[in-house]
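Peer 1: Structure supplied as coords.cif; contents: mmCIF, C-alpha atoms and all ligand atoms.
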data_protein
#
loop_
_atom_site.label_atom_id
_atom_site.label_comp_id
_atom_site.auth_asym_id
_atom_site.auth_seq_id
_atom_site.Cartn_x
_atom_site.Cartn_y
_atom_site.Cartn_z
CA MET A 1 29.36 36.83 -5.60
CA LEU A 2 26.44 35.45 -7.57
CA LYS A 3 28.43 32.31 -8.31
CA ARG A 4 29.09 31.79 -4.60
CA LEU A 5 25.45 32.30 -3.82
CA LEU A 6 24.52 29.76 -6.46
CA ILE A 7 26.92 27.22 -4.99
CA VAL A 8 25.54 27.77 -1.47
CA LEU A 9 21.97 27.44 -2.70
CA THR A 10 22.85 24.30 -4.62
CA LEU A 11 24.49 22.77 -1.56
CA ILE A 12 21.49 23.65 0.61
CA ALA A 13 19.20 22.07 -1.95
CA MET A 14 21.35 18.95 -2.11
CA ILE A 15 21.42 18.60 1.69
CA ALA A 16 17.70 19.20 1.95
CA ASN A 17 17.06 16.64 -0.72
CA SER A 18 19.27 14.06 0.93
CA LEU A 19 17.52 14.56 4.29
CA THR A 20 13.95 14.66 3.12
CA ASP A 21 13.63 12.57 0.01
CA VAL A 22 12.69 9.25 1.56
CA ASP A 23 11.80 7.75 -1.79
CA ALA A 24 15.22 8.58 -3.13
CA GLN A 25 16.82 6.96 -0.09
CA GLY A 26 14.83 3.85 -0.77
CA ARG A 27 15.93 3.82 -4.41
CA ARG A 28 19.55 4.26 -3.42
CA GLN A 29 19.32 1.33 -1.03
CA ARG A 30 17.99 -0.82 -3.84
CA ALA A 31 20.59 0.44 -6.31
CA ASP A 32 23.75 -1.56 -6.93
CA ALA A 33 26.82 -0.28 -5.15
CA VAL A 34 29.77 0.45 -7.48
CA ASP A 35 33.22 1.96 -6.93
CA LEU A 36 32.78 5.10 -9.01
CA LEU A 37 30.09 7.11 -10.75
CA VAL A 38 31.05 9.71 -13.38
CA LEU A 39 28.02 11.89 -13.98
CA GLY A 40 27.15 14.63 -16.44
CA GLY A 41 29.21 15.45 -19.51
CA THR A 42 28.95 14.19 -23.07
CA ILE A 43 29.88 10.54 -23.54
CA VAL A 44 31.35 9.47 -26.89
CA THR A 45 30.89 5.72 -26.64
CA MET A 46 32.45 4.50 -29.91
CA ASP A 47 30.13 1.49 -29.65
CA GLN A 48 28.59 -0.23 -32.67
CA THR A 49 25.93 2.43 -33.12
CA ARG A 50 28.32 5.30 -32.33
CA ARG A 51 26.11 6.61 -29.55
CA VAL A 52 26.86 10.05 -28.20
CA ILE A 53 25.07 10.65 -24.92
CA ASP A 54 24.54 14.18 -23.65
CA ASP A 55 24.30 14.48 -19.87
CA GLY A 56 25.46 10.89 -19.50
CA GLY A 57 26.63 8.69 -16.68
CA ILE A 58 29.21 5.92 -16.26
CA ALA A 59 29.32 3.30 -13.49
CA VAL A 60 32.67 1.68 -12.71
CA SER A 61 33.26 -1.39 -10.56
CA ASN A 62 36.50 -3.30 -9.96
CA GLY A 63 38.29 -1.17 -12.54
CA ARG A 64 35.74 -1.92 -15.27
CA ILE A 65 32.91 0.09 -16.78
CA VAL A 66 29.72 -1.77 -15.88
CA ALA A 67 27.17 0.65 -17.36
CA ILE A 68 26.93 3.69 -19.61
CA GLY A 69 23.73 5.64 -20.23
CA PRO A 70 21.80 8.80 -19.53
CA ARG A 71 22.77 10.29 -16.18
CA ALA A 72 19.32 9.90 -14.63
CA GLU A 73 19.20 6.23 -15.53
CA ILE A 74 22.69 5.51 -14.18
CA GLU A 75 21.96 7.44 -10.98
CA SER A 76 18.79 5.45 -10.38
CA ARG A 77 20.48 2.08 -10.93
CA TYR A 78 23.80 2.61 -9.15
CA THR A 79 25.15 4.21 -6.03
CA SER A 80 28.71 5.02 -5.07
CA ARG A 81 30.61 6.94 -2.43
CA GLN A 82 32.93 8.26 -5.13
CA ARG A 83 31.22 10.51 -7.63
CA VAL A 84 32.85 12.69 -10.24
CA ASN A 85 30.99 15.62 -11.74
CA ALA A 86 31.88 15.65 -15.45
CA ARG A 87 29.47 18.36 -16.51
CA GLY A 88 30.94 20.42 -19.35
CA LYS A 89 33.42 17.68 -20.27
CA VAL A 90 33.66 15.01 -22.97
CA LEU A 91 34.17 11.40 -21.88
CA ALA A 92 35.72 9.24 -24.61
CA PRO A 93 37.88 6.11 -24.87
CA GLY A 94 41.59 6.85 -24.62
CA LEU A 95 43.75 7.13 -27.74
CA ILE A 96 46.19 4.36 -28.63
CA ASN A 97 49.69 5.26 -29.75
CA GLY A 98 50.64 2.53 -32.22
CA HIS A 99 54.41 3.03 -32.15
CA SER A 100 56.81 4.89 -29.90
CA HIS A 101 60.25 4.99 -28.31
CA VAL A 102 59.07 6.79 -25.21
CA PRO A 103 62.39 7.53 -23.44
CA MET A 104 63.65 9.29 -26.59
CA VAL A 105 61.71 12.31 -25.45
CA LEU A 106 64.97 13.21 -23.69
CA PHE A 107 66.65 13.56 -27.09
CA ARG A 108 64.10 16.13 -28.19
CA GLY A 109 65.74 18.79 -30.35
CA LEU A 110 69.03 16.89 -30.67
CA ALA A 111 69.12 16.76 -34.46
CA ASP A 112 66.51 18.19 -36.80
CA ASP A 113 66.13 18.62 -40.55
CA LEU A 114 67.74 15.30 -41.45
CA ASP A 115 66.57 12.20 -43.25
CA LEU A 116 66.16 8.96 -41.35
CA GLN A 117 69.51 7.38 -42.20
CA GLU A 118 71.57 10.43 -41.31
CA TRP A 119 69.49 11.16 -38.22
CA LEU A 120 69.72 7.59 -37.00
CA THR A 121 73.30 6.64 -37.81
CA LYS A 122 75.11 9.96 -37.29
CA TYR A 123 73.22 11.30 -34.28
CA ILE A 124 70.80 8.97 -32.54
CA PHE A 125 72.76 5.71 -32.37
CA PRO A 126 75.92 7.52 -31.15
CA ALA A 127 73.91 9.59 -28.65
CA GLU A 128 72.24 6.45 -27.36
CA ALA A 129 75.57 4.65 -26.99
CA LYS A 130 76.86 7.53 -24.86
CA ASN A 131 73.81 8.39 -22.80
CA VAL A 132 71.26 5.60 -22.52
CA THR A 133 71.28 3.89 -19.13
CA GLU A 134 68.49 2.29 -17.14
CA GLN A 135 68.06 5.56 -15.23
CA PHE A 136 67.89 7.56 -18.50
CA VAL A 137 65.15 5.24 -19.72
CA ARG A 138 63.22 5.44 -16.46
CA VAL A 139 63.28 9.26 -16.37
CA GLY A 140 62.50 9.58 -20.08
CA ALA A 141 59.62 7.13 -19.82
CA ARG A 142 58.04 9.08 -16.97
CA LEU A 143 58.23 12.33 -18.93
CA GLY A 144 56.90 10.67 -22.08
CA LEU A 145 54.05 9.04 -20.17
CA ALA A 146 53.06 12.36 -18.62
CA GLU A 147 52.93 13.94 -22.08
CA MET A 148 50.88 11.06 -23.49
CA ILE A 149 48.39 11.15 -20.62
CA ARG A 150 48.01 14.89 -21.10
CA GLY A 151 47.34 14.32 -24.82
CA GLY A 152 44.61 11.73 -24.20
CA THR A 153 46.60 8.53 -24.79
CA THR A 154 45.94 5.62 -22.45
CA THR A 155 47.61 2.74 -24.32
CA TYR A 156 50.76 2.67 -26.43
CA CYS A 157 53.18 0.33 -28.20
CA ASP A 158 56.83 0.91 -27.41
CA MET A 159 60.24 -0.32 -28.51
CA TYR A 160 63.45 0.58 -26.69
CA TYR A 161 66.38 -0.55 -24.55
CA PHE A 162 66.08 -1.36 -20.82
CA GLU A 163 62.40 -1.92 -21.57
CA ASP A 164 61.92 -3.21 -18.03
CA ALA A 165 62.19 0.39 -16.83
CA VAL A 166 59.60 1.49 -19.42
CA ALA A 167 57.22 -1.28 -18.35
CA GLU A 168 57.67 -0.46 -14.65
CA ALA A 169 57.03 3.26 -15.19
CA THR A 170 53.95 2.43 -17.28
CA ALA A 171 52.47 0.04 -14.72
CA ASP A 172 53.21 2.63 -11.99
CA VAL A 173 51.03 5.25 -13.65
CA GLY A 174 48.33 2.76 -14.64
CA MET A 175 48.65 2.97 -18.44
CA ARG A 176 48.57 -0.02 -20.75
CA ALA A 177 51.40 -0.85 -23.15
CA LEU A 178 52.88 -3.31 -25.53
CA CYS A 179 56.55 -3.06 -24.50
CA GLY A 180 59.14 -4.29 -27.00
CA GLN A 181 62.67 -5.15 -25.87
CA THR A 182 64.96 -4.17 -28.76
CA VAL A 183 67.31 -6.68 -30.41
CA LEU A 184 70.03 -5.48 -32.84
CA ARG A 185 72.92 -7.01 -34.77
CA PHE A 186 75.40 -4.56 -33.22
CA PRO A 187 76.10 -3.62 -29.58
CA ALA A 188 73.24 -1.74 -27.90
CA PRO A 189 73.13 0.30 -24.67
CA ASP A 190 71.79 -2.72 -22.79
CA ALA A 191 73.47 -5.60 -24.66
CA ARG A 192 77.04 -6.14 -25.89
CA SER A 193 75.97 -8.65 -28.51
CA TYR A 194 72.95 -10.00 -30.33
CA GLU A 195 72.98 -13.10 -28.12
CA GLU A 196 72.90 -10.94 -25.00
CA GLY A 197 70.09 -8.86 -26.48
CA LEU A 198 68.04 -11.94 -27.26
CA ALA A 199 68.61 -13.33 -23.75
CA ARG A 200 67.48 -10.00 -22.31
CA ALA A 201 64.34 -10.11 -24.46
CA ARG A 202 63.57 -13.63 -23.21
CA GLU A 203 64.00 -12.62 -19.56
CA PHE A 204 61.86 -9.54 -20.14
CA ILE A 205 59.03 -11.60 -21.62
CA GLU A 206 59.22 -14.19 -18.83
CA ARG A 207 59.00 -11.42 -16.23
CA TRP A 208 56.03 -9.53 -17.70
CA LYS A 209 53.88 -12.10 -19.47
CA GLY A 210 50.46 -12.22 -17.83
CA HIS A 211 50.72 -8.71 -16.32
CA PRO A 212 47.32 -6.97 -16.38
CA LEU A 213 48.67 -3.79 -17.99
CA ILE A 214 51.83 -4.78 -19.86
CA VAL A 215 52.19 -7.07 -22.89
CA PRO A 216 55.88 -7.89 -23.44
CA ALA A 217 57.33 -8.46 -26.91
CA PRO A 218 60.63 -9.02 -28.67
CA ALA A 219 61.44 -6.05 -30.90
CA PRO A 220 63.97 -6.80 -33.65
CA HIS A 221 64.63 -3.19 -34.61
CA ALA A 222 64.29 -3.52 -38.40
CA PRO A 223 65.28 -5.88 -41.21
CA TYR A 224 68.26 -3.60 -42.00
CA THR A 225 69.60 -3.59 -38.42
CA CYS A 226 69.12 -7.32 -37.88
CA THR A 227 70.51 -10.45 -39.50
CA PRO A 228 68.20 -13.17 -40.87
CA GLU A 229 69.22 -15.24 -37.85
CA ILE A 230 68.12 -12.50 -35.42
CA LEU A 231 64.76 -12.15 -37.17
CA ARG A 232 64.15 -15.89 -37.05
CA SER A 233 65.19 -16.12 -33.38
CA CYS A 234 62.84 -13.25 -32.44
CA ALA A 235 59.97 -14.86 -34.35
CA ASP A 236 60.62 -18.15 -32.54
CA LEU A 237 60.73 -16.33 -29.20
CA ALA A 238 57.42 -14.57 -29.87
CA ALA A 239 55.79 -17.81 -30.99
CA GLU A 240 57.16 -19.72 -27.98
CA PHE A 241 55.55 -17.29 -25.52
CA ASP A 242 52.58 -16.38 -27.74
CA VAL A 243 53.39 -12.68 -27.55
CA PRO A 244 53.45 -10.06 -30.34
CA LEU A 245 56.57 -9.00 -32.26
CA HIS A 246 57.22 -5.29 -32.83
CA ILE A 247 59.40 -4.17 -35.76
CA HIS A 248 60.04 -1.23 -38.15
CA LEU A 249 59.26 -2.18 -41.73
CA SER A 250 59.75 -0.56 -45.14
CA GLU A 251 60.11 2.89 -43.64
CA THR A 252 62.28 4.42 -46.38
CA LEU A 253 62.79 3.88 -50.09
CA LEU A 254 66.50 3.31 -49.47
CA GLU A 255 65.68 0.46 -47.08
CA VAL A 256 63.48 -1.23 -49.69
CA GLU A 257 66.00 -0.71 -52.50
CA ASP A 258 68.73 -2.22 -50.30
CA SER A 259 66.49 -5.18 -49.52
CA ARG A 260 65.86 -5.76 -53.23
CA ARG A 261 69.57 -5.49 -54.00
CA ARG A 262 70.72 -7.71 -51.15
CA TYR A 263 67.93 -10.29 -50.93
CA GLY A 264 66.13 -9.93 -54.24
CA MET A 265 62.86 -8.92 -52.63
CA PRO A 266 61.23 -6.04 -50.71
CA GLY A 267 60.43 -5.94 -47.00
CA VAL A 268 57.28 -8.02 -46.59
CA PRO A 269 58.38 -11.10 -48.61
CA TYR A 270 61.76 -10.92 -46.87
CA MET A 271 60.07 -10.95 -43.46
CA ARG A 272 57.91 -13.84 -44.58
CA LYS A 273 61.02 -15.76 -45.68
CA GLN A 274 62.47 -15.37 -42.18
CA GLY A 275 59.26 -16.73 -40.62
CA LEU A 276 58.32 -13.47 -38.93
CA PHE A 277 54.65 -13.85 -39.72
CA ASP A 278 54.53 -16.98 -37.60
CA ALA A 279 54.31 -14.39 -34.83
CA LYS A 280 51.67 -11.68 -34.25
CA VAL A 281 53.47 -8.84 -36.00
CA LEU A 282 53.02 -5.15 -35.31
CA ALA A 283 54.90 -3.40 -38.14
CA ALA A 284 55.62 0.30 -37.82
CA HIS A 285 55.65 2.70 -40.79
CA CYS A 286 55.15 0.49 -43.92
CA VAL A 287 55.57 3.58 -46.11
CA HIS A 288 57.06 1.82 -49.12
CA VAL A 289 54.92 -1.28 -49.63
CA ASP A 290 53.19 -2.26 -52.85
CA GLU A 291 49.68 -3.62 -53.40
CA GLY A 292 50.82 -7.23 -53.09
CA GLU A 293 52.62 -6.54 -49.83
CA ILE A 294 49.55 -4.81 -48.39
CA ARG A 295 47.42 -7.83 -49.28
CA ALA A 296 50.05 -10.12 -47.73
CA LEU A 297 50.09 -8.12 -44.50
CA LYS A 298 46.34 -8.45 -44.36
CA ASN A 299 46.44 -12.17 -45.03
CA PHE A 300 49.08 -12.67 -42.33
CA GLY A 301 46.90 -10.81 -39.84
CA ALA A 302 49.69 -8.30 -39.19
CA GLY A 303 48.99 -4.96 -37.52
CA VAL A 304 50.35 -1.79 -39.09
CA ALA A 305 51.13 1.39 -37.16
CA HIS A 306 50.71 4.46 -39.34
CA ASN A 307 53.23 7.13 -38.33
CA PRO A 308 52.62 10.15 -40.59
CA SER A 309 54.26 12.76 -38.41
CA SER A 310 57.53 10.83 -38.09
CA ASN A 311 57.48 9.96 -41.79
CA LEU A 312 57.09 13.59 -42.81
CA LYS A 313 59.66 14.87 -40.35
CA LEU A 314 62.33 12.40 -41.44
CA ALA A 315 61.52 12.67 -45.15
CA ALA A 316 60.58 8.98 -45.32
CA GLY A 317 57.56 9.62 -47.53
CA VAL A 318 53.79 9.25 -47.27
CA ALA A 319 52.34 5.82 -46.53
CA PRO A 320 49.61 4.56 -48.89
CA ALA A 321 47.05 5.88 -46.46
CA GLY A 322 44.16 5.57 -48.87
CA HIS A 323 44.06 1.87 -48.09
CA ARG A 324 42.06 0.27 -45.39
CA TRP A 325 45.09 -1.01 -43.56
CA PRO A 326 45.25 -4.58 -42.39
CA VAL A 327 44.46 -5.11 -38.75
CA SER A 328 45.76 -7.88 -36.58
CA SER A 329 43.20 -10.64 -36.20
CA SER A 330 44.68 -11.50 -32.85
CA PRO A 331 45.53 -8.10 -31.46
CA PRO A 332 47.88 -8.11 -28.52
CA LEU A 333 45.99 -5.82 -26.22
CA ALA A 334 42.53 -5.87 -27.67
CA LEU A 335 43.90 -2.93 -29.63
CA SER A 336 41.67 -3.95 -32.52
CA ARG A 337 41.42 -1.64 -35.46
CA ARG A 338 42.75 1.27 -33.53
CA LEU A 339 46.23 -0.07 -34.20
CA ARG A 340 45.85 2.04 -37.29
CA ARG A 341 45.75 5.19 -35.25
CA PRO A 342 48.79 7.32 -35.79
CA GLY A 343 50.88 8.15 -32.82
CA SER A 344 54.54 7.71 -33.42
CA TRP A 345 56.65 10.56 -32.25
CA ARG A 346 60.31 10.72 -32.70
CA ARG A 347 61.16 13.34 -30.12
CA THR A 348 59.07 16.19 -31.39
CA THR A 349 56.38 14.91 -33.65
CA ALA A 350 52.62 15.14 -33.16
CA VAL A 351 50.88 13.23 -30.42
CA GLY A 352 47.31 12.38 -29.59
CA PHE A 353 44.57 14.23 -31.40
CA ALA A 354 47.14 16.26 -33.36
CA ALA A 355 48.42 13.01 -34.88
CA VAL A 356 44.89 11.81 -35.64
CA ARG A 357 44.21 15.08 -37.41
CA LEU A 358 47.44 14.87 -39.40
CA SER A 359 46.62 11.33 -40.49
CA THR A 360 43.18 12.25 -41.76
CA ASP A 361 44.47 15.38 -43.48
CA ILE A 362 47.08 13.32 -45.31
CA ARG A 363 44.43 10.89 -46.46
CA GLY A 364 42.40 13.84 -47.68
CA GLY A 365 45.40 15.16 -49.57
CA THR A 366 46.25 11.82 -51.16
CA HIS A 367 42.61 11.18 -52.14
CA GLY A 368 42.11 14.64 -53.56
CA VAL A 369 38.88 15.00 -51.58
CA PRO A 370 38.31 16.29 -48.09
CA LEU A 371 37.92 13.67 -45.42
CA ARG A 372 35.50 13.66 -42.59
CA ARG A 373 36.94 12.66 -39.25
CA THR A 374 34.78 10.10 -37.55
CA SER A 375 35.00 8.11 -34.37
CA ARG A 376 36.01 5.11 -36.48
CA GLY A 377 38.60 6.63 -38.73
CA SER A 378 38.25 8.73 -41.83
CA ALA A 379 35.82 8.64 -44.67
CA PRO A 380 35.69 10.76 -47.81
CA VAL A 381 33.07 13.49 -47.69
CA ARG A 382 30.57 12.85 -50.47
ZN ZN B 401 60.29 3.66 -34.38
#
Transcribe the structure of this file into structure tokens.
Ligand SMILES: [Zn+2]
Peer 2:
Amino acid sequence: MLKRLLIVLTLIAMIANSLTDVDAQGRRQRADAVDLLVLGGTIVTMDQTRRVIDDGGIAVSNGRIVAIGPRAEIESRYTSRQRVNARGKVLAPGLINGHSHVPMVLFRGLADDLDLQEWLTKYIFPAEAKNVTEQFVRVGARLGLAEMIRGGTTTYCDMYYFEDAVAEATADVGMRALCGQTVLRFPAPDARSYEEGLARAREFIERWKGHPLIVPAPAPHAPYTCTPEILRSCADLAAEFDVPLHIHLSETLLEVEDSRRRYGMPGVPYMRKQGLFDAKVLAAHCVHVDEGEIRALKNFGAGVAHNPSSNLKLAAGVAPAGHRWPVSSSPPLALSRRLRRPGSWRRTTAVGFAAVRLSTDIRGGTHGVPLRRTSRGSAPVR
């Protein structure tokens, strides 16, 4: 009852103010008109000075934030027909998921308690061969997108088959994504051969390049599922269209041992030999890389997606998370250093803030000191 009374009184006060406050009318007429004002709430800016503004305001025009500041200041400078009351809420930049296979959400619970090789070769690849169609991908993408939005993610980097359907679903809901069309050395759900897969990747890039929300990319699945020829062709394709290249790299010890046995070198030098770093590489996992490889990744300007939840679930190991990971110098989506944010989920693993927390906890565990979570990553507590 009291709450209702309060609302009525507030409304009366607002109406009275709007009718009688001539000065305010004058100010509003002089204020710039924008499309949207979000007022009240605590704004976590993540700008250079890490400003946190209590009772803040945001002005949006043509889909872009044009001003952030204290609510009173924003209200005096801007006017808008659309106003959102954010009191009691936190306004922060969206999270970025650095690596995903979004439609695989439909395989959730299919096979647990397995290592990567067994999980992938005995369950996932066969299940994909039987079930993955364009419609499967479309439905799975929509479910995965809904879950990401709910978890605070607004941008993600994907790799799957029928990636057109992923890109369309993403653009439909207004999220941003780097969408990688997978290329493999064996038949895939959307390609009978490597040549067909590469042609599909080319068509996909031609169709989506320049889209305001989608950055297309070739996605050679991994060094161990591709031939040297496939890797080189994908690198050439990425360089030709000046788009990123998304790949799994050095995810398991077995993969690295195989690479040493077969090619006489671990993952990063092998990728370099195939010319992959001629492209803007986003490498997922990088669990088993040595100091020299980390330096090389940095020198090549490659981005690394840290996927702690997936790595733990599939017994791949713990990435050398104590390092300041290299960050792409020419990030594909202005992803900048947030490429380091964890976010991979293979069906059931952590998303959003849960993944951020897991990542920082792992760094704390591997450093032997607790880590403080900050808006710009993690730092040891001293
Ligand atoms: Zn992956």
Peer 1: Near Glu73 of chain A, counting all atoms listed in the file, which residues have an atom at most 12 Å away, once you skip same-chain residues fewer than 2 positions from it, shown as a list of chain:residue names?
Peer 2: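 These residues fall inside the cut-off: A:Arg27, A:Ala31, A:Leu37, A:Leu39, A:Gly40, A:Ile53, A:Asp55, A:Gly56, A:Gly57, A:Ile58, A:Ala59, A:Ala67, A:Ile68, A:Gly69, A:Pro70, A:Arg71, A:Glu75, A:Ser76, A:Arg77, A:Tyr78, A:Thr79.
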Peer 1: Atom CA of Leu143 of chain A and atom CA of Ala169 of chain A are how many Å apart?
Peer 2: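 Spanning atom CA of Leu143 of chain A to atom CA of Ala169 of chain A is a straight-line distance of 9.9 Å.
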Peer 1: For atom CA of Lys298 of chain A and atom CA of Met265 of chain A, quote the distance in Å rounded to one decimal.
Peer 2: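 Computed distance, atom CA of Lys298 of chain A to atom CA of Met265 of chain A, equals 18.5 Å.
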Peer 1: For Pro218 of chain A, list every protein, DNA or RNA residue within 12 Å, evaluated using all atoms listed in the file, and leave out those in the same chain fewer than 3 positions away; present the list as a compact mmCIF listing (two decimals) with C-alpha atoms, keeping the file's coordinate frame.
Peer 2:
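Contents of selection25.txt, freshly written:
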# COMPACT_ATOMS: atom_id res chain seq x y z
CA CYS A 157 53.18 0.33 -28.20
CA ASP A 158 56.83 0.91 -27.41
CA MET A 159 60.24 -0.32 -28.51
CA TYR A 160 63.45 0.58 -26.69
CA TYR A 161 66.38 -0.55 -24.55
CA GLU A 163 62.40 -1.92 -21.57
CA LEU A 178 52.88 -3.31 -25.53
CA CYS A 179 56.55 -3.06 -24.50
CA GLY A 180 59.14 -4.29 -27.00
CA GLN A 181 62.67 -5.15 -25.87
CA THR A 182 64.96 -4.17 -28.76
CA VAL A 183 67.31 -6.68 -30.41
CA LEU A 184 70.03 -5.48 -32.84
CA GLY A 197 70.09 -8.86 -26.48
CA LEU A 198 68.04 -11.94 -27.26
CA ALA A 199 68.61 -13.33 -23.75
CA ARG A 200 67.48 -10.00 -22.31
CA ALA A 201 64.34 -10.11 -24.46
CA ARG A 202 63.57 -13.63 -23.21
CA GLU A 203 64.00 -12.62 -19.56
CA PHE A 204 61.86 -9.54 -20.14
CA ILE A 205 59.03 -11.60 -21.62
CA GLU A 206 59.22 -14.19 -18.83
CA TRP A 208 56.03 -9.53 -17.70
CA LYS A 209 53.88 -12.10 -19.47
CA VAL A 215 52.19 -7.07 -22.89
CA HIS A 221 64.63 -3.19 -34.61
CA ALA A 222 64.29 -3.52 -38.40
CA ILE A 230 68.12 -12.50 -35.42
CA LEU A 231 64.76 -12.15 -37.17
CA ARG A 232 64.15 -15.89 -37.05
CA SER A 233 65.19 -16.12 -33.38
CA CYS A 234 62.84 -13.25 -32.44
CA ALA A 235 59.97 -14.86 -34.35
CA ASP A 236 60.62 -18.15 -32.54
CA LEU A 237 60.73 -16.33 -29.20
CA ALA A 238 57.42 -14.57 -29.87
CA ALA A 239 55.79 -17.81 -30.99
CA GLU A 240 57.16 -19.72 -27.98
CA PHE A 241 55.55 -17.29 -25.52
CA ASP A 242 52.58 -16.38 -27.74
CA VAL A 243 53.39 -12.68 -27.55
CA PRO A 244 53.45 -10.06 -30.34
CA LEU A 245 56.57 -9.00 -32.26
CA HIS A 246 57.22 -5.29 -32.83
CA ILE A 247 59.40 -4.17 -35.76
CA LEU A 276 58.32 -13.47 -38.93
CA ALA A 279 54.31 -14.39 -34.83
CA LYS A 280 51.67 -11.68 -34.25
CA VAL A 281 53.47 -8.84 -36.00
CA LEU A 282 53.02 -5.15 -35.31
Peer 1: Counting only C-alpha atoms and all ligand atoms, figure out which residue out of A:Pro103, A:Gly41, A:Pro266, A:Gly63 gets nearest to ligand ZN 401 (chain B).
Peer 2: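 Closest to ligand ZN 401 (chain B) of all the choices is A:Pro103.
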Peer 1: Would you please work out which residue, of A:Met148, A:Ile124, A:Gly140, A:Ser193, is nearest to ligand ZN 401 (chain B) when using all atoms listed in the file?
Peer 2: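 Nearest candidate to ligand ZN 401 (chain B) out of A:Met148, A:Ile124, A:Gly140, A:Ser193: A:Ile124.
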Peer 1: Could you list, as a list in words, all the residues within 7 Å of ligand ZN 401 (chain B), counting only C-alpha atoms and all ligand atoms?
Peer 2: His99, Ser100, His101, His248 and Ala284 of chain A
Peer 1: One decimal, in Å: what's the spacing between atom CA of Lys122 of chain A and atom CA of Phe107 of chain A?
Peer 2: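 Those two atoms sit 13.7 Å apart.
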Peer 1: So which one's closest to Gly94 of chain A, A:Cys286, A:Ile149, A:Ile65, A:Ala315? Using all atoms listed in the file, please.
Peer 2: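 That would be A:Ile149, the residue with the smallest distance to Gly94 of chain A.
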Peer 1: Show me, as a ChimeraX atom specification, the residues that have an atom within 9 Å of segment 256-260 of chain A when counting all atoms listed in the file, minus same-chain residues fewer than 5 positions from it.
Peer 2: /A:223-224,250-251,265-267,270,288-289
Peer 1: Need to verify the contact set: Val139 of chain A, 12 Å, only C-alpha atoms, exclusion of same-chain residues closer than 3 positions in sequence. Can you return it as a list in words?
Peer 2: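 Contacts, with the query itself left out: Val102, Pro103, Met104, Val105, Leu106, Val132, Thr133, Glu134, Gln135, Phe136, Arg142, Leu143, Gly144, Leu145, Ala146, Phe162, Ala165, Val166, Glu168, Ala169 and Thr170 of chain A.
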Peer 1: Nearest residue to Asn131 of chain A out of A:Val318, A:Leu213, A:Ile362, A:Ala188, using all atoms listed in the file?
Peer 2: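 Residue with the minimum atom-to-atom distance to Asn131 of chain A: A:Ala188.
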